[in-house]
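K.L.:
Coordinates in structure_25.txt, compact mmCIF, C-alpha atoms, are listed below.
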# COMPACT_ATOMS: atom_id res chain seq x y z
CA MET A 830 24.78 35.92 34.62
CA ALA A 831 21.47 36.75 33.01
CA SER A 832 18.96 39.11 34.57
CA ASP A 833 15.55 37.89 35.70
CA SER A 834 13.83 39.64 32.84
CA ASP A 835 16.22 37.94 30.42
CA VAL A 836 15.28 34.52 31.72
CA ASP A 837 11.59 35.31 31.53
CA ARG A 838 11.64 36.89 28.07
CA LYS A 839 14.07 34.65 26.24
CA ILE A 840 13.87 31.00 25.33
CA GLN A 841 15.39 28.82 28.02
CA LEU A 842 17.94 26.37 26.71
CA ARG A 843 18.57 23.83 29.43
CA VAL A 844 22.16 22.69 29.15
CA SER A 845 23.28 19.33 30.41
CA ASN A 846 26.71 17.95 29.54
CA TYR A 847 27.28 20.58 26.84
CA LYS A 848 24.07 19.82 25.02
CA ALA A 849 21.17 22.28 24.91
CA TYR A 850 17.63 20.95 25.36
CA VAL A 851 14.27 22.69 25.00
CA TRP A 852 11.62 21.18 27.27
CA ASP A 853 8.77 23.65 26.81
CA VAL A 854 6.48 22.90 23.90
CA ASP A 855 5.66 26.58 23.35
CA ASP A 856 9.35 27.38 22.98
CA ILE A 857 9.77 24.56 20.47
CA ALA A 858 6.93 26.05 18.42
CA THR A 859 8.40 29.55 18.63
CA LEU A 860 11.82 28.33 17.57
CA ARG A 861 10.40 26.72 14.47
CA ALA A 862 7.76 29.24 13.44
CA LYS A 863 9.49 32.49 14.36
CA HIS A 864 13.20 31.73 14.16
CA HIS A 865 13.22 28.85 11.62
CA ILE A 866 15.29 26.69 13.94
CA CYS A 867 14.07 23.09 13.96
CA GLY A 868 16.27 20.99 16.22
CA VAL A 869 15.59 17.29 16.71
CA LEU A 870 13.05 15.74 19.08
CA THR A 871 14.82 13.19 21.21
CA GLY A 872 12.45 12.14 24.00
CA THR A 873 10.25 9.07 24.16
CA LEU A 874 6.46 8.98 24.40
CA PRO A 875 4.87 6.84 27.15
CA HIS A 876 2.10 5.51 24.91
CA LEU A 877 4.38 4.44 22.07
CA SER A 878 6.42 1.54 23.33
CA GLN A 879 8.53 1.28 20.18
CA GLN A 880 10.22 4.60 21.00
CA ASN A 881 12.02 4.89 17.72
CA VAL A 882 9.70 6.43 15.17
CA PHE A 883 7.75 9.19 16.91
CA LEU A 884 9.63 11.04 19.57
CA GLY A 885 8.69 13.79 22.00
CA VAL A 886 10.31 16.44 24.18
CA PRO A 887 13.01 17.41 24.80
CA LEU A 888 14.21 19.03 21.59
CA VAL A 889 17.98 18.95 21.19
CA LEU A 890 19.70 21.71 19.23
CA LEU A 891 22.80 21.70 17.05
CA PRO A 892 25.63 23.59 18.75
CA GLU A 893 25.56 26.03 15.82
CA GLU A 894 21.87 26.70 16.50
CA VAL A 895 22.63 27.44 20.14
CA VAL A 896 25.44 29.85 19.25
CA LEU A 897 23.17 31.67 16.82
CA LEU A 898 20.31 32.01 19.32
CA ILE A 899 22.61 33.34 22.06
CA GLU A 900 24.39 35.78 19.74
CA HIS A 901 21.03 37.09 18.56
CA GLN A 902 19.85 37.53 22.16
CA LEU A 903 16.95 35.16 21.63
CA ALA A 904 17.83 32.60 24.28
CA VAL A 905 19.60 32.03 27.60
CA LEU A 906 21.63 29.03 28.65
CA ILE A 907 20.49 27.41 31.90
CA ASP A 908 22.99 25.34 33.86
CA ASP A 909 20.37 22.65 34.40
CA PRO A 910 22.06 20.30 36.89
CA ASN A 911 22.78 23.21 39.23
CA ALA A 912 19.37 24.76 38.68
CA HIS A 913 17.78 21.74 40.37
CA LYS A 914 18.26 22.38 44.09
CA PRO A 915 17.77 19.64 46.69
CA PRO A 916 14.16 20.12 47.89
CA THR A 917 13.46 21.22 51.47
CA VAL A 918 11.47 18.95 53.76
CA ASP A 919 8.50 21.32 53.56
CA ALA A 920 8.66 21.45 49.77
CA LEU A 921 8.69 17.65 49.61
CA LYS A 922 5.72 17.52 51.99
CA ARG A 923 3.76 19.87 49.77
CA TRP A 924 4.68 17.86 46.66
CA ASN A 925 3.57 14.60 48.31
CA MET A 926 0.30 16.16 49.48
CA GLU A 927 -0.44 17.40 45.97
CA ARG A 928 0.12 13.93 44.52
CA GLU A 929 -2.02 12.32 47.19
CA ALA A 930 -4.78 14.86 46.63
CA SER A 931 -4.68 14.16 42.92
CA ALA A 932 -4.90 10.42 43.55
CA GLN A 933 -7.88 10.85 45.93
CA GLN A 934 -9.61 13.09 43.45
CA GLN A 935 -9.23 10.51 40.69
CA ILE A 936 -10.49 7.67 42.91
CA ALA A 937 -13.52 9.72 43.97
CA ALA A 938 -14.32 10.61 40.39
CA ALA A 939 -14.04 6.95 39.41
CA GLU A 940 -16.45 5.97 42.22
CA VAL A 941 -19.04 8.50 41.10
CA GLU A 942 -18.82 7.18 37.57
CA ARG A 943 -19.17 3.56 38.65
CA ALA A 944 -22.18 4.38 40.84
CA SER A 945 -24.00 6.14 38.03
CA GLU A 946 -23.26 3.24 35.66
CA LYS A 947 -24.66 0.76 38.17
CA ALA A 948 -27.78 2.86 38.65
CA ALA A 949 -28.36 2.89 34.90
CA LYS A 950 -28.03 -0.91 34.71
CA HIS A 951 -30.21 -1.46 37.80
CA SER A 952 -33.29 0.27 36.38
CA THR A 953 -33.40 -2.01 33.36
CA SER A 954 -32.88 -5.05 35.54
CA GLU A 955 -35.81 -3.96 37.71
CA GLU A 956 -38.02 -4.13 34.65
CA ALA A 957 -36.52 -7.50 33.76
CA VAL A 958 -37.26 -8.81 37.26
CA ARG A 959 -40.89 -7.65 36.99
CA LYS A 960 -41.35 -9.38 33.64
CA ARG A 961 -39.77 -12.53 34.99
CA LYS A 962 -42.21 -12.48 37.93
CA GLU A 963 -45.18 -12.24 35.54
CA ARG A 964 -43.93 -15.18 33.46
CA GLU A 965 -43.42 -17.34 36.53
CA ALA A 966 -46.90 -16.51 37.82
CA LYS A 967 -48.47 -17.48 34.49
CA ARG A 968 -46.54 -20.74 34.41
CA ALA A 969 -47.56 -21.58 37.99
CA ALA A 970 -51.23 -20.93 37.14
CA ALA A 971 -50.98 -23.16 34.05
CA ALA A 972 -49.35 -25.94 36.10
CA ARG A 973 -52.12 -25.79 38.69
CA GLU A 974 -54.78 -26.04 35.99
CA LYS A 975 -53.07 -29.07 34.52
CA ALA A 976 -52.70 -30.78 37.91
CA LEU A 977 -56.36 -30.19 38.75
CA ALA A 978 -57.35 -31.59 35.35
CA GLU A 979 -55.36 -34.75 36.11
CA GLY A 980 -57.26 -35.27 39.34
CA LEU A 981 -54.76 -34.08 41.96
CA THR A 982 -56.07 -32.11 44.93
CA LEU A 983 -54.74 -28.67 45.93
CA GLU A 984 -52.96 -30.10 48.98
CA ASP A 985 -50.90 -32.49 46.83
CA LEU A 986 -49.34 -29.81 44.68
CA PRO A 987 -45.75 -29.15 45.46
CA ALA A 988 -45.27 -26.02 47.48
CA GLU A 989 -42.62 -24.62 45.20
CA SER A 990 -44.96 -23.92 42.30
CA LEU A 991 -47.29 -21.92 44.53
CA ALA A 992 -44.63 -20.02 46.37
CA PRO A 993 -43.88 -16.62 44.90
CA VAL A 994 -40.66 -16.32 42.96
CA THR A 995 -37.97 -14.64 45.00
CA ASP A 996 -35.49 -12.20 43.65
CA ARG A 997 -32.38 -13.85 42.28
CA PRO A 998 -29.41 -12.97 44.43
CA SER A 999 -27.19 -10.50 42.55
CA THR A 1000 -23.82 -11.93 41.47
CA PRO A 1001 -21.10 -10.51 43.71
CA SER A 1002 -18.79 -8.12 41.79
CA LYS A 1003 -15.04 -8.53 42.13
CA ILE A 1004 -13.40 -6.23 44.64
CA VAL A 1005 -11.18 -3.96 42.48
CA ALA A 1006 -8.35 -1.93 44.07
CA PRO A 1007 -8.87 1.74 43.28
CA SER A 1008 -6.54 2.87 40.44
CA PHE A 1009 -5.33 6.33 39.49
CA ASN A 1010 -2.82 7.89 37.10
CA VAL A 1011 0.45 9.43 38.21
CA THR A 1012 1.46 12.31 35.94
CA ILE A 1013 5.15 12.96 35.54
CA PRO A 1014 5.61 16.43 34.06
CA ALA A 1015 8.18 16.70 31.27
CA SER A 1016 9.37 20.16 32.26
CA SER A 1017 10.85 21.05 35.63
CA SER A 1018 9.39 24.56 35.49
CA GLU A 1019 6.63 23.82 38.00
CA LEU A 1020 8.88 22.22 40.60
CA GLU A 1021 9.31 24.33 43.70
CA TRP A 1022 13.02 23.57 43.93
CA TYR A 1023 13.88 24.42 40.27
CA ALA A 1024 15.68 27.77 40.16
CA PRO A 1025 16.79 28.60 36.59
CA ASN A 1026 17.14 32.35 37.15
CA ALA A 1027 20.16 31.96 39.38
CA HIS A 1028 21.95 29.77 36.83
CA ALA A 1029 21.27 31.50 33.53
CA TYR A 1030 23.84 32.85 31.05
CA SER A 1031 22.87 35.21 28.27
CA ASP A 1032 26.22 35.35 26.48
CA LEU A 1033 28.74 32.74 25.36
CA VAL A 1034 31.73 34.22 27.19
CA SER A 1035 30.21 33.96 30.66
CA ALA A 1036 28.81 30.51 29.87
CA ARG A 1037 32.27 29.38 28.75
CA SER A 1038 34.03 30.67 31.87
CA ALA A 1039 31.40 29.01 34.06
CA GLY A 1040 32.16 25.73 32.29
CA VAL A 1041 28.60 25.38 31.02
CA TRP A 1042 29.14 25.79 27.26
CA SER A 1043 32.29 25.39 25.20
CA TYR A 1044 31.33 25.62 21.52
CA PRO A 1045 33.02 26.76 19.29
CA SER A 1046 36.53 25.82 20.39
CA SER A 1047 38.40 25.33 17.11
CA SER A 1048 38.68 27.26 13.89
CA TYR A 1049 36.68 24.56 12.12
CA GLU A 1050 33.87 24.90 14.69
CA ARG A 1051 34.00 28.67 14.33
CA ALA A 1052 33.76 28.33 10.55
CA LYS A 1053 30.73 26.04 10.95
CA CYS A 1054 28.99 28.65 13.14
CA ARG A 1055 29.63 31.42 10.63
CA VAL A 1056 28.42 29.38 7.66
CA PHE A 1057 25.34 28.29 9.60
CA GLN A 1058 24.58 31.92 10.42
CA ASP A 1059 25.01 33.02 6.81
CA LEU A 1060 22.66 30.31 5.55
CA TRP A 1061 20.19 31.24 8.33
CA ASP A 1062 20.38 34.92 7.39
CA LYS A 1063 19.32 33.91 3.89
CA GLY A 1064 16.13 32.44 5.38
CA ASN A 1065 17.00 28.75 5.13
CA PHE A 1066 16.05 26.01 7.56
CA MET A 1067 18.99 23.76 8.45
CA GLY A 1068 19.17 20.21 9.67
CA GLY A 1069 21.96 17.77 10.47
CA GLY A 1070 23.83 16.57 7.39
CA ILE A 1071 24.88 13.10 8.50
CA LYS A 1072 22.36 11.26 6.31
CA PHE A 1073 23.83 12.85 3.20
CA GLY A 1074 27.48 13.08 4.10
CA GLY A 1075 27.66 16.79 4.84
CA ASP A 1076 27.71 19.22 7.73
CA PHE A 1077 24.18 20.56 7.21
CA LEU A 1078 21.10 19.94 5.12
CA VAL A 1079 19.72 23.18 3.72
CA TYR A 1080 15.97 23.60 3.12
CA PRO A 1081 14.39 26.58 1.38
CA GLY A 1082 11.44 26.33 3.77
CA ASP A 1083 10.06 24.21 6.60
CA PRO A 1084 11.39 20.64 6.32
CA LEU A 1085 7.84 19.35 6.79
CA ARG A 1086 6.94 20.93 3.48
CA TYR A 1087 10.11 20.77 1.40
CA HIS A 1088 12.86 18.34 0.54
CA SER A 1089 16.27 19.87 1.04
CA HIS A 1090 17.94 21.06 -2.13
CA PHE A 1091 21.42 21.31 -0.71
CA VAL A 1092 23.93 19.46 1.39
CA ALA A 1093 26.50 21.86 2.83
CA THR A 1094 30.11 21.11 3.70
CA VAL A 1095 32.03 23.76 5.59
CA ILE A 1096 35.51 24.66 4.33
CA GLU A 1097 37.54 26.11 7.14
CA SER A 1098 39.54 28.65 5.13
CA PRO A 1099 40.35 29.62 1.52
CA ARG A 1100 43.64 27.74 1.69
CA ALA A 1101 42.41 24.64 3.56
CA PRO A 1102 43.36 21.55 1.53
CA LEU A 1103 40.52 20.17 -0.56
CA MET A 1104 41.12 16.77 -2.16
CA PRO A 1105 39.63 15.99 -5.57
CA MET A 1106 38.25 12.78 -4.05
CA GLU A 1107 36.08 14.92 -1.78
CA VAL A 1108 34.70 16.70 -4.84
CA VAL A 1109 33.89 13.32 -6.39
CA ALA A 1110 32.33 11.87 -3.25
CA HIS A 1111 30.22 14.91 -2.37
CA GLY A 1112 29.33 15.77 -5.91
CA ARG A 1113 28.23 12.29 -6.90
CA LEU A 1114 26.18 11.71 -3.73
CA GLY A 1115 24.50 15.07 -4.17
CA THR A 1116 23.57 14.35 -7.77
CA ALA A 1117 22.37 10.83 -6.94
CA THR A 1118 20.01 12.22 -4.32
CA LYS A 1119 18.75 15.09 -6.51
CA LYS A 1120 20.53 17.65 -4.37
CA SER A 1121 23.39 20.01 -4.97
CA HIS A 1122 26.44 19.89 -2.78
CA LEU A 1123 27.63 23.22 -1.44
CA PHE A 1124 31.20 23.88 -0.47
CA CYS A 1125 30.88 26.77 1.97
CA GLU A 1126 34.17 28.55 2.50
CA TRP A 1127 34.66 30.76 5.53
CA ASP A 1128 37.26 33.50 5.16
CA GLU A 1129 38.31 34.61 8.64
CA GLU A 1130 40.21 37.66 7.32
CA LYS A 1131 37.42 38.99 5.12
CA GLN A 1132 34.72 37.65 7.48
CA GLU A 1133 32.63 36.35 4.63
CA VAL A 1134 31.20 33.09 3.29
CA THR A 1135 31.70 32.04 -0.36
CA TYR A 1136 29.65 29.25 -1.87
CA PHE A 1137 30.52 26.82 -4.65
CA SER A 1138 27.90 24.36 -5.90
CA VAL A 1139 29.17 20.98 -7.09
CA GLU A 1140 27.38 18.39 -9.21
CA TRP A 1141 28.39 15.55 -11.48
CA ALA A 1142 28.99 16.84 -15.00
CA GLY A 1143 26.87 14.22 -16.70
CA PHE A 1144 29.51 13.24 -19.22
CA GLY A 1145 32.87 11.51 -19.11
CA MET B 630 55.80 10.40 -28.37
CA GLU B 631 56.05 12.76 -31.33
CA LYS B 632 53.96 10.34 -33.35
CA HIS B 633 50.93 10.79 -31.09
CA PRO B 634 48.29 12.89 -32.90
CA SER B 635 47.88 15.22 -29.91
CA TYR B 636 51.61 15.91 -29.64
CA GLU B 637 51.62 18.77 -32.11
CA VAL B 638 48.88 20.72 -30.34
CA LEU B 639 50.19 20.15 -26.83
CA SER B 640 53.95 20.21 -27.38
CA SER B 641 54.34 23.90 -26.62
CA TYR B 642 52.20 23.77 -23.47
CA LEU B 643 53.29 20.58 -21.74
CA PRO B 644 56.81 21.78 -20.85
CA ILE B 645 55.54 25.03 -19.29
CA TYR B 646 53.75 23.21 -16.47
CA PRO B 647 55.44 19.81 -16.29
CA LYS B 648 53.68 18.69 -13.09
CA ALA B 649 50.30 19.14 -14.73
CA ALA B 650 51.39 17.60 -18.05
CA GLY B 651 49.97 14.15 -17.42
CA ALA B 652 46.53 15.42 -16.47
CA LEU B 653 46.47 17.83 -19.43
CA PHE B 654 47.46 15.15 -21.92
CA GLN B 655 44.85 12.69 -20.62
CA THR B 656 42.07 15.25 -20.49
CA TYR B 657 42.78 16.65 -23.93
CA ASN B 658 42.69 13.20 -25.49
CA ASP B 659 39.52 12.25 -23.67
CA LEU B 660 37.68 15.40 -24.72
CA LYS B 661 38.87 15.31 -28.30
CA TYR B 662 38.60 11.61 -29.11
CA ALA B 663 36.29 10.01 -26.53
CA GLN B 664 33.87 12.84 -25.78
CA GLN B 665 34.23 14.19 -29.34
CA TRP B 666 34.35 17.83 -28.40
CA SER B 667 35.01 20.45 -31.04
CA ASP B 668 36.96 23.72 -31.18
CA LEU B 669 39.22 22.74 -28.32
CA GLU B 670 41.64 25.49 -27.30
CA LEU B 671 44.17 25.74 -24.51
CA VAL B 672 44.21 28.55 -21.95
CA GLU B 673 47.17 29.21 -19.67
CA LEU B 674 46.25 29.48 -15.98
CA PRO B 675 49.47 30.69 -14.33
CA GLY B 676 47.81 31.14 -10.93
CA CYS B 677 47.04 27.40 -10.93
CA ALA B 678 50.31 26.30 -12.58
CA ARG B 679 48.55 24.51 -15.42
CA CYS B 680 46.66 24.91 -18.67
CA GLY B 681 42.92 24.86 -18.91
CA LEU B 682 40.77 23.98 -21.93
CA LYS B 683 37.77 25.46 -23.67
CA GLY B 684 35.57 23.73 -26.18
CA ARG B 685 32.09 22.59 -27.19
CA ARG B 686 30.27 19.35 -26.58
CA PRO B 687 28.99 17.59 -29.71
CA GLN B 688 25.94 19.29 -31.20
CA THR B 689 26.01 22.23 -28.77
CA ASP B 690 26.98 25.87 -29.11
CA GLU B 691 27.92 26.66 -25.54
CA VAL B 692 31.64 26.99 -24.86
CA LEU B 693 32.59 25.12 -21.71
CA SER B 694 35.70 25.55 -19.55
CA ILE B 695 37.71 22.60 -18.22
CA VAL B 696 40.47 22.48 -15.63
CA PRO B 697 42.43 19.22 -15.44
CA CYS B 698 43.87 18.01 -12.16
CA SER B 699 45.17 14.76 -10.70
CA LEU B 700 43.39 12.75 -8.02
CA SER B 701 46.53 12.94 -5.91
CA GLU B 702 46.68 16.74 -5.91
CA SER B 703 45.62 18.95 -3.05
CA LEU B 704 43.33 21.81 -4.10
CA SER B 705 41.55 24.56 -2.18
CA THR B 706 38.64 26.95 -2.64
CA ASP B 707 41.17 29.70 -3.32
CA TRP B 708 42.51 27.59 -6.18
CA ILE B 709 38.97 27.16 -7.52
CA ARG B 710 38.44 30.91 -7.31
CA THR B 711 41.65 31.45 -9.31
CA THR B 712 40.52 29.10 -12.08
CA PHE B 713 37.31 31.10 -12.50
CA ARG B 714 39.22 34.34 -12.62
CA GLU B 715 41.85 33.17 -15.10
CA LEU B 716 39.30 31.54 -17.39
CA GLY B 717 37.49 34.86 -17.69
CA ALA B 718 34.66 34.30 -15.18
CA PRO B 719 32.66 31.62 -17.00
CA PRO B 720 29.30 30.55 -15.49
CA HIS B 721 30.72 27.13 -14.61
CA VAL B 722 34.05 25.35 -14.54
CA TYR B 723 34.38 21.62 -15.09
CA LEU B 724 37.02 19.97 -12.97
CA ALA B 725 38.54 17.03 -14.85
CA ILE B 726 39.91 14.67 -12.21
CA ASN B 727 42.47 12.26 -13.66
CA THR B 728 43.60 9.00 -12.13
CA GLU B 729 46.62 6.82 -12.70
CA ASP B 730 44.60 4.14 -14.49
CA SER B 731 43.57 6.86 -16.98
CA SER B 732 39.99 7.18 -15.73
CA ILE B 733 38.62 10.70 -15.81
CA VAL B 734 35.61 12.08 -13.94
CA TYR B 735 34.20 15.52 -14.61
CA TYR B 736 32.49 17.61 -11.95
CA LYS B 737 30.72 20.88 -12.56
CA ILE B 738 31.52 23.69 -10.15
CA SER B 739 29.36 26.83 -10.11
CA PRO B 740 29.90 29.91 -7.97
CA GLY B 741 27.16 30.67 -5.46
CA ILE B 742 24.18 28.59 -4.39
CA VAL B 743 22.82 26.96 -7.53
CA LYS B 744 19.73 24.76 -7.29
CA PRO B 745 20.11 21.24 -8.60
CA PRO B 746 18.50 20.40 -11.94
CA LEU B 747 15.04 18.85 -11.67
Show how you would write the structure in this file as structure tokens.

P.N.:
Amino acid sequence: MASDSDVDRKIQLRVSNYKAYVWDVDDIATLRAKHHICGVLTGTLPHLSQQNVFLGVPLVLLPEEVVLLIEHQLAVLIDDPNAHKPPTVDALKRWNMEREASAQQQIAAAEVERASEKAAKHSTSEEAVRKRKEREAKRAAAAREKALAEGLTLEDLPAESLAPVTDRPSTPSKIVAPSFNVTIPASSSELEWYAPNAHAYSDLVSARSAGVWSYPSSSYERAKCRVFQDLWDKGNFMGGGIKFGGDFLVYPGDPLRYHSHFVATVIESPRAPLMPMEVVAHGRLGTATKKSHLFCEWDEEKQEVTYFSVEWAGFG
Amino acid sequence: MEKHPSYEVLSSYLPIYPKAAGALFQTYNDLKYAQQWSDLELVELPGCARCGLKGRRPQTDEVLSIVPCSLSESLSTDWIRTTFRELGAPPHVYLAINTEDSSIVYYKISPGIVKPPL
């Protein structure tokens, strides 16, 4: 188990069903800027209903990225399902009160705003009412003059033209139910019943025996971790290779600034069978996409990675 | 068979590595007659149980190294390493992949991480 200081200092990788997620935006930034680990954003954004182009938290990491971060003591694995305890009655009460208070606050603020808006409108309408009164008075005077000129006496004039103009009744505004926003936080960190410290693992062995993390479990997976680490040590940024038929995409710098130059395929061992058709397929796709294909061989005995770059010859 | 123009050059090499004979014959003919390479010479690669080739593309000076193989063979990175060693550590090795319908594709293999051409 990890110590409290471990959990506080290191990046928390929240593991659910053998996948590691990063929910804190600051950690995502640190991973990219300081450790050149990019991951993939996989959450949806409430304001973008399409939910397929721009995504938000959480960030999901490649298993090789997780292994690297743990082995370099940069992160801890949190057993997320178990870190969420059932809340106590008191904790739930407090949570409900906070939400209610937030709702009341928003309603009150909305009222204040509406009142000040109405006040602003009312002063102009006061002026408008005054002007209207003057116009009506002038019209009434003109009508009286005309009537007198036509020979009618004062008593015969209709009472309405002499009566002062009354204020127009204001149009009743619709009764609107008070509305407020409910904020759902992305991260569980602020929840009273979230206890990551008691369910944190700072090394792969303890995480594996607790059944929280199981990668790598085969020699191929081990080879992928070692190759990933070697490429990372050389300062590269890596991404998933599925779009180009490889294990990883290799970028010389941040993927936001560079196109990847290489597609990497991991070769499990120096004697693992390699079919010429694979050379053709990888080599031709690499060349067609202006990349080079790397065969990255892991030698378990010598504990080293050897690279071979493959491209179409351009003749034949 | 003896009447084929390439027979004389290849006759001493083909029997040494019979399993690789087909690929060698096809590749040699392609390079010499179709690709029009010059100064073709054969190099024995005992570690790979075959012969390799060296030669020059038309109008170039650089000597290139070729290793023929068949599409149905099973290679490995160790095998690739051996070809480099036995060819005298050239900067690149061209793998000539032969098929049964006599198509050949050539792929350039370089040691290390080599950036793609622009």

K.L.:
With all atoms listed in the file considered, list every residue of chain B at most 10 Å from chain A, as a PDB file with C-alpha atoms, in the coordinates of the input.

P.N.:
ATOM      1  CA  ASP B 659      39.520  12.250 -23.670  1.00  0.00           C
ATOM      2  CA  LEU B 660      37.680  15.400 -24.720  1.00  0.00           C
ATOM      3  CA  ALA B 663      36.290  10.010 -26.530  1.00  0.00           C
ATOM      4  CA  GLN B 664      33.870  12.840 -25.780  1.00  0.00           C
ATOM      5  CA  ARG B 686      30.270  19.350 -26.580  1.00  0.00           C
ATOM      6  CA  CYS B 698      43.870  18.010 -12.160  1.00  0.00           C
ATOM      7  CA  SER B 699      45.170  14.760 -10.700  1.00  0.00           C
ATOM      8  CA  LEU B 700      43.390  12.750  -8.020  1.00  0.00           C
ATOM      9  CA  SER B 701      46.530  12.940  -5.910  1.00  0.00           C
ATOM     10  CA  GLU B 702      46.680  16.740  -5.910  1.00  0.00           C
ATOM     11  CA  SER B 703      45.620  18.950  -3.050  1.00  0.00           C
ATOM     12  CA  LEU B 704      43.330  21.810  -4.100  1.00  0.00           C
ATOM     13  CA  SER B 705      41.550  24.560  -2.180  1.00  0.00           C
ATOM     14  CA  THR B 706      38.640  26.950  -2.640  1.00  0.00           C
ATOM     15  CA  ASP B 707      41.170  29.700  -3.320  1.00  0.00           C
ATOM     16  CA  TRP B 708      42.510  27.590  -6.180  1.00  0.00           C
ATOM     17  CA  ILE B 709      38.970  27.160  -7.520  1.00  0.00           C
ATOM     18  CA  ARG B 710      38.440  30.910  -7.310  1.00  0.00           C
ATOM     19  CA  HIS B 721      30.720  27.130 -14.610  1.00  0.00           C
ATOM     20  CA  VAL B 722      34.050  25.350 -14.540  1.00  0.00           C
ATOM     21  CA  TYR B 723      34.380  21.620 -15.090  1.00  0.00           C
ATOM     22  CA  LEU B 724      37.020  19.970 -12.970  1.00  0.00           C
ATOM     23  CA  ALA B 725      38.540  17.030 -14.850  1.00  0.00           C
ATOM     24  CA  ILE B 726      39.910  14.670 -12.210  1.00  0.00           C
ATOM     25  CA  ASN B 727      42.470  12.260 -13.660  1.00  0.00           C
ATOM     26  CA  SER B 732      39.990   7.180 -15.730  1.00  0.00           C
ATOM     27  CA  ILE B 733      38.620  10.700 -15.810  1.00  0.00           C
ATOM     28  CA  VAL B 734      35.610  12.080 -13.940  1.00  0.00           C
ATOM     29  CA  TYR B 735      34.200  15.520 -14.610  1.00  0.00           C
ATOM     30  CA  TYR B 736      32.490  17.610 -11.950  1.00  0.00           C
ATOM     31  CA  LYS B 737      30.720  20.880 -12.560  1.00  0.00           C
ATOM     32  CA  ILE B 738      31.520  23.690 -10.150  1.00  0.00           C
ATOM     33  CA  SER B 739      29.360  26.830 -10.110  1.00  0.00           C
ATOM     34  CA  PRO B 740      29.900  29.910  -7.970  1.00  0.00           C
ATOM     35  CA  GLY B 741      27.160  30.670  -5.460  1.00  0.00           C
ATOM     36  CA  ILE B 742      24.180  28.590  -4.390  1.00  0.00           C
ATOM     37  CA  VAL B 743      22.820  26.960  -7.530  1.00  0.00           C
ATOM     38  CA  LYS B 744      19.730  24.760  -7.290  1.00  0.00           C
ATOM     39  CA  PRO B 745      20.110  21.240  -8.600  1.00  0.00           C
ATOM     40  CA  PRO B 746      18.500  20.400 -11.940  1.00  0.00           C
ATOM     41  CA  LEU B 747      15.040  18.850 -11.670  1.00  0.00           C
TER      42      LEU B 747
END

K.L.:
Find the residues around stretch 928-937 of chain A up to 9 Å (all atoms listed in the file counted), leave out those fewer than 5 positions away in its own chain, and share them as a VMD selection string.

P.N.:
chain A and resid 923 942 1007 to 1012

K.L.:
Go ahead and dump the residues you just picked, C-alpha atoms, as an mmCIF file, keeping the file's coordinate frame.

P.N.:
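Printed below is again.cif as written:
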data_model
loop_
_atom_site.group_PDB
_atom_site.id
_atom_site.type_symbol
_atom_site.label_atom_id
_atom_site.label_comp_id
_atom_site.auth_asym_id
_atom_site.auth_seq_id
_atom_site.Cartn_x
_atom_site.Cartn_y
_atom_site.Cartn_z
ATOM 1 C CA ARG A 923 3.760 19.870 49.770
ATOM 2 C CA GLU A 942 -18.820 7.180 37.570
ATOM 3 C CA PRO A 1007 -8.870 1.740 43.280
ATOM 4 C CA SER A 1008 -6.540 2.870 40.440
ATOM 5 C CA PHE A 1009 -5.330 6.330 39.490
ATOM 6 C CA ASN A 1010 -2.820 7.890 37.100
ATOM 7 C CA VAL A 1011 0.450 9.430 38.210
ATOM 8 C CA THR A 1012 1.460 12.310 35.940
#

K.L.:
Name the closest residue to A:His1111 among the candidates A:Arg843, A:Phe1073, A:Asp1128, A:Val941; distances are taken between atoms, counting all atoms listed in the file.

P.N.:
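For A:His1111, the nearest of the given residues is A:Phe1073.
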
K.L.:
Within 12 Å of (48.0, 28.6, -13.1) in the file's own coordinates, which protein, DNA or RNA residues have an atom, counting only C-alpha atoms? List them as a ChimeraX atom specification.

P.N.:
/B:645-649,672-681,696-698,707-716

K.L.:
Go ahead and save the picked residues with C-alpha atoms, as a short mmCIF file (atom, residue, chain, number, x, y, z; two decimals), keeping the file's coordinate frame.

P.N.:
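Everything below was put into again-v1.cif:
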data_model
loop_
_atom_site.label_atom_id
_atom_site.label_comp_id
_atom_site.auth_asym_id
_atom_site.auth_seq_id
_atom_site.Cartn_x
_atom_site.Cartn_y
_atom_site.Cartn_z
CA ILE B 645 55.54 25.03 -19.29
CA TYR B 646 53.75 23.21 -16.47
CA PRO B 647 55.44 19.81 -16.29
CA LYS B 648 53.68 18.69 -13.09
CA ALA B 649 50.30 19.14 -14.73
CA VAL B 672 44.21 28.55 -21.95
CA GLU B 673 47.17 29.21 -19.67
CA LEU B 674 46.25 29.48 -15.98
CA PRO B 675 49.47 30.69 -14.33
CA GLY B 676 47.81 31.14 -10.93
CA CYS B 677 47.04 27.40 -10.93
CA ALA B 678 50.31 26.30 -12.58
CA ARG B 679 48.55 24.51 -15.42
CA CYS B 680 46.66 24.91 -18.67
CA GLY B 681 42.92 24.86 -18.91
CA VAL B 696 40.47 22.48 -15.63
CA PRO B 697 42.43 19.22 -15.44
CA CYS B 698 43.87 18.01 -12.16
CA ASP B 707 41.17 29.70 -3.32
CA TRP B 708 42.51 27.59 -6.18
CA ILE B 709 38.97 27.16 -7.52
CA ARG B 710 38.44 30.91 -7.31
CA THR B 711 41.65 31.45 -9.31
CA THR B 712 40.52 29.10 -12.08
CA PHE B 713 37.31 31.10 -12.50
CA ARG B 714 39.22 34.34 -12.62
CA GLU B 715 41.85 33.17 -15.10
CA LEU B 716 39.30 31.54 -17.39
#

K.L.:
Record the distance separating atom CA of B:Pro719 and atom CA of A:Phe1077, expressed in Å with one decimal.

P.N.:
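Those two atoms sit 27.9 Å apart.
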